[in-house]
2 protein chains.
Amino acid sequence: MQTIRVDTPSAKYDVIAGSGLLETLAPRIQRALGRLPRRLFVLTSPEIWALWSHRAERSFPDTPVVLFLPSGERYKTLATVERLAREMVRAGGDRSSLLIAFGGGIVGDVGGFVAAAFLRGIPYVQVPTTFLAQVDSSIGGKVGVNLPEGKNLVGAFHQPRAVFADVETLGTLPGRELRAGLMESVKAGIIRDRALVRFMEEHADAILEREPRALERVIGASIRMKAGVVRADERESGLRMILNFGHTVGHALEQATRYKAMLHGEAVGWGMVAALAVARRRGTIAGAQMERLEKLIYRYGPLPRLKVSVARVMAATARDKKNVGGVRRFVLPIGIGDAGVVEDVTAAELDAAVKYMLVRSRVGAGTDGPRPTGRGAPS
Amino acid sequence: MQTIRVDTPSAKYDVIAGSGLLETLAPRIQRALGRLPRRLFVLTSPEIWALWSHRAERSFPDTPVVLFLPSGERYKTLATVERLAREMVRAGGDRSSLLIAFGGGIVGDVGGFVAAAFLRGIPYVQVPTTFLAQVDSSIGGKVGVNLPEGKNLVGAFHQPRAVFADVETLGTLPGRELRAGLMESVKAGIIRDRALVRFMEEHADAILEREPRALERVIGASIRMKAGVVRADERESGLRMILNFGHTVGHALEQATRYKAMLHGEAVGWGMVAALAVARRRGTIAGAQMERLEKLIYRYGPLPRLKVSVARVMAATARDKKNVGGVRRFVLPIGIGDAGVVEDVTAAELDAAVKYMLVRSRVGAGTDGPRPTGRGAPS
């Protein structure tokens, strides 16, 4: 069991990662909030709730009101927020109600935004059940929904009151999702934690086979990295932007493929390859470092082959949220374990990097990694 | 010209009330923000913009992007928020963009919420053009939209960077809207400012005839009252709740009549009558005080005749946002110039008060006031 403190100007809360958290959820919530709210709402997906409700529900004195969000980015909309808020009003939700976001990243993002906006804000806790949600999206209070024009364009900063990451829920996660989630840990290592890079290089087999101690090491380090960055910069005015390493091109790939061709982590995997290419050209990383990091990314692949044009990716990057006042912001690694934000990446540089990424995809570099085995192997 | 400082934990800003503000809007925004943002959006209604754009636009070096919100509560929805956010993305809006909410209370509420949620929050300024928006809704950062189940059930606390209340815009305001807005000033006096009550009693003719000095006195006092309460309690955890005097039954009336039969201020006028009835029964105000305050309310009438049943009003109050954990919160005046929040108003007490209000409406008490004259007389 690991407890990681997140300490921001607007809130302080614990992220607890370990086993057996679902069975003890209600008393843990009670401890985190000082009391168990009278009206509890669980937002979850039908699939996740079918798997885990028997463990979580029995810890509650009264059964919470369960709200369902179908799986998929296409429900991550303001229309869904409206539907959920209406259901909560009709079920007697008030300002003292608590929302429990129980599921993957989309459940966390939508649930967090519903909590931020319902009656101008109610408390919520995160119970992330995917690797990606546990190490990344459940931490830090960035919540929101998509517009047809792009991901997460509407939202809020709303910190949860606690995060409970039960690693047992990862046992049923499809292998592809686990590997996509691990890209965020690769990112964490590259931008902030050299030791994590080495650990992920040396223990790839154990991690991909879900050896509990190896997984906990990676999850703990990833959460700690993110908590540290969020602590220093809650509202993404400076340092926090380095968390977007790989995300400029990653988001562009997701948009250009309409969020259908790949998982978020896979897009970030390719986005990191493109960002490494920019960094290599600029000399903020050496050739050997680039090779080593690209190899690490592919080790947690395979990444899907890319079937988009350079032009579509470039057009999508122009709408990036990080762009301010027309300046294209870009996160570049500086060696291994550090990163910085630059504002002067030219269209030509980005174009070259996107082309490099597409070439790597075509020669099958993204599929160099070993196929994972075990329960969660891709179907 | 009056400058009132609003000072909250999350933001400090000035509310400027006076004449000639529209013509100098751009330099005033520049002063408030330290710079004039590159991309400016104006959210306004077609009617308001037709009246005032010639004054406001010319102060800007580049014409702002104008977004229109049709008049009426029925557009105060998440669907509108989505449409506006999409237009802003397509027009190149980014995190450094500024939104100017230019119009009445609905424009301010919707615009503020769009600013709160767009890219997780961008700065905005309020340029309220109705009396109600100038003294109430533009101050304090409460923004949001309605659900079919009730008003303002989805929203945020997002403070503007400045508020510019140009009293010249009140010259074209329909008389009925002016009188409805003045109910919030009556409220301000009753809960917090005994001198304002006396001023509004003694200068009703001048105020209703829009004598500039009289209007500025009322607007300044009303803003100052609200700024003081917001300063002490930004997130409505305690004191700020007293601003809801008259609003429990007021909101219920609006809901029960589907926001079509009366203006917000008119509903609040009747809501204050009901709240006074509860207070009188409990003895927190004396009989003479009740008479005096009711008379003041009707003086700024006429209030519309009520055509709703007690049952509908009671059902609507049960869903009030202020209710927490099943407890019905209610703001009661204590004498004149003070108020408190009570949690033990019974259904029977409320029922009696609602009945009293309906009787007063049937005997035409709400129409005792003199008909206003002048430019803004009701059509």
# chains A, B, ... in the order shown; residues from 1 in each chain; ligands from 1
>>> closest_atom_pairs(of="chain A", to="chain B", cutoff="6 Å", atoms="only C-alpha atoms", output="Markdown table")
| residue | atom | partner | partner_atom | distance |
| --- | --- | --- | --- | --- |
| A:Asp94 | CA | B:Val324 | CA | 5.7 |
| A:Arg95 | CA | B:Val324 | CA | 5.9 |
| A:Ser96 | CA | B:Val324 | CA | 5.7 |
| A:Ala117 | CA | B:Gly155 | CA | 4.8 |
| A:Phe118 | CA | B:Val154 | CA | 4.8 |
| A:Leu119 | CA | B:Leu153 | CA | 4.8 |
| A:Arg120 | CA | B:Ala156 | CA | 4.3 |
| A:Leu153 | CA | B:Leu119 | CA | 4.8 |
| A:Val154 | CA | B:Phe118 | CA | 4.8 |
| A:Gly155 | CA | B:Arg120 | CA | 4.5 |
| A:Ala156 | CA | B:Arg120 | CA | 4.3 |
| A:Val324 | CA | B:Asp94 | CA | 5.8 |
>>> write_last_selection(atoms="C-alpha atoms", output="compact mmCIF listing (two decimals), in the first residue's frame")
# COMPACT_ATOMS: atom_id res chain seq x y z
CA ASP A 94 -27.69 18.38 -3.22
CA ARG A 95 -24.53 20.28 -2.34
CA SER A 96 -23.53 17.80 0.32
CA ALA A 117 -20.44 21.95 -12.27
CA PHE A 118 -23.35 20.33 -10.40
CA LEU A 119 -24.82 23.05 -8.16
CA ARG A 120 -21.52 24.90 -8.88
CA LEU A 153 -11.85 21.67 -24.69
CA VAL A 154 -14.47 22.26 -21.99
CA GLY A 155 -13.78 21.51 -18.35
CA ALA A 156 -12.51 22.63 -14.99
CA VAL A 324 -1.34 30.79 -26.33
>>> residues_around(residues="Ala315 of chain A", least_positions_apart="5", cutoff="9 Å", atoms="only C-alpha atoms", output="count of residues only")
3
>>> select_by_dssp(residues="segment 93-198 of chain B", states="strand (DSSP E)", output="list in words")
Leu98, Leu99, Ile100, Ala101, Phe102, Gly103, Tyr124, Val125, Gln126, Val127, Pro128, Lys142, Val143, Gly144, Val145, Asn146, Leu147, Gly150, Lys151, Asn152, Leu153, Val154, Gly155, Ala156, Phe157, Val163, Phe164, Ala165 and Asp166 of chain B
>>> residues_around(residues="Pro46 of chain B", least_positions_apart="2", cutoff="7 Å", atoms="only C-alpha atoms", output="VMD selection string")
chain B and resid 44 48 to 50 68 70
>>> write_last_selection(atoms="N, CA, C and O atoms", output="CSV table (one decimal), in the first residue's frame")
chain,number,residue,atom,x,y,z
B,44,THR,N,-23.2,38.7,-26.4
B,44,THR,CA,-24.2,39.7,-26.2
B,44,THR,C,-25.5,39.2,-26.8
B,44,THR,O,-25.5,38.2,-27.5
B,48,ILE,N,-29.3,44.1,-27.5
B,48,ILE,CA,-28.4,44.9,-26.8
B,48,ILE,C,-27.3,45.4,-27.7
B,48,ILE,O,-26.9,46.6,-27.6
B,49,TRP,N,-26.8,44.6,-28.5
B,49,TRP,CA,-25.6,45.0,-29.4
B,49,TRP,C,-26.1,46.0,-30.4
B,49,TRP,O,-25.3,46.9,-30.7
B,50,ALA,N,-27.3,45.9,-30.9
B,50,ALA,CA,-27.8,46.9,-31.8
B,50,ALA,C,-27.9,48.3,-31.2
B,50,ALA,O,-27.6,49.3,-31.8
B,68,PHE,N,-23.5,35.8,-30.4
B,68,PHE,CA,-24.8,36.2,-30.0
B,68,PHE,C,-25.6,35.1,-29.2
B,68,PHE,O,-25.5,33.9,-29.5
B,70,PRO,N,-29.5,34.6,-28.1
B,70,PRO,CA,-30.8,35.2,-28.2
B,70,PRO,C,-31.4,35.4,-26.8
B,70,PRO,O,-31.0,34.8,-25.8
>>> select_by_dssp(residues="segment 199-336 of chain B", states="alpha helix (DSSP H)", output="number ranges by chain")
B: 199-202, 204-208, 212-232, 247-256, 264-282, 287-299, 310-317
>>> residues_around(residues="Glu23 of chain B", least_positions_apart="4", cutoff="12 Å", atoms="only C-alpha atoms", output="PyMOL selection string")
chain B and resi 18-19+27-29+52-60+164+166+168-169
>>> residues_around(residues="segment 284-293 of chain B", least_positions_apart="6", cutoff="7 Å", atoms="only C-alpha atoms", output="ChimeraX atom specification")
/B:276,333-335
>>> atom_distance(atom1="atom CA of Gly105 of chain A", atom2="atom CA of Met272 of chain A")
20.0 Å
>>> atom_distance(atom1="atom CA of Ala353 of chain B", atom2="atom CA of Val249 of chain B")
9.5 Å
>>> residues_around(residues="Tyr356 of chain A", least_positions_apart="5", cutoff="9 Å", atoms="only C-alpha atoms", output="short mmCIF file (atom, residue, chain, number, x, y, z; two decimals) with N, CA and C atoms, in the first residue's frame")
data_model
loop_
_atom_site.label_atom_id
_atom_site.label_comp_id
_atom_site.auth_asym_id
_atom_site.auth_seq_id
_atom_site.Cartn_x
_atom_site.Cartn_y
_atom_site.Cartn_z
N VAL A 273 7.62 9.92 -29.75
CA VAL A 273 8.60 9.69 -30.82
C VAL A 273 8.81 10.98 -31.62
N ALA A 274 7.71 11.65 -31.94
CA ALA A 274 7.83 12.90 -32.70
C ALA A 274 8.56 13.97 -31.88
N ALA A 277 12.16 13.44 -31.83
CA ALA A 277 12.79 13.83 -33.09
C ALA A 277 13.08 15.34 -33.10
N ASP A 351 6.95 19.61 -38.84
CA ASP A 351 6.69 18.84 -40.06
C ASP A 351 7.72 17.72 -40.21
N SER A 361 6.58 4.49 -38.23
CA SER A 361 5.37 3.67 -38.18
C SER A 361 5.31 2.74 -39.39
#
>>> closest_residue(among="B:Ile242, B:Val313, B:Leu350, B:Arg179", to="Arg299 of chain B", atoms="only C-alpha atoms")
B:Arg179
>>> residues_around(residues="Leu296 of chain B", least_positions_apart="4", cutoff="10 Å", atoms="only C-alpha atoms", output="compact mmCIF listing (two decimals) with C-alpha atoms, in the first residue's frame")
# COMPACT_ATOMS: atom_id res chain seq x y z
CA MET B 183 -36.36 44.32 -6.02
CA VAL B 186 -34.97 46.33 -1.80
CA VAL B 197 -34.38 50.98 2.87
CA ARG B 198 -35.05 54.52 4.06
CA MET B 200 -35.74 53.85 -1.30
CA GLU B 201 -38.81 54.74 0.73
CA ALA B 204 -39.14 56.20 -4.88
CA MET B 290 -43.53 43.69 8.09
CA GLU B 291 -46.07 46.25 6.94
CA ARG B 292 -43.38 48.77 6.17
CA TYR B 300 -41.58 49.18 -6.70
CA GLY B 301 -44.29 47.01 -8.24
CA GLY B 369 -47.52 50.97 -6.63
>>> atom_distance(atom1="atom CA of Glu209 of chain A", atom2="atom CA of Ser185 of chain A")
15.9 Å
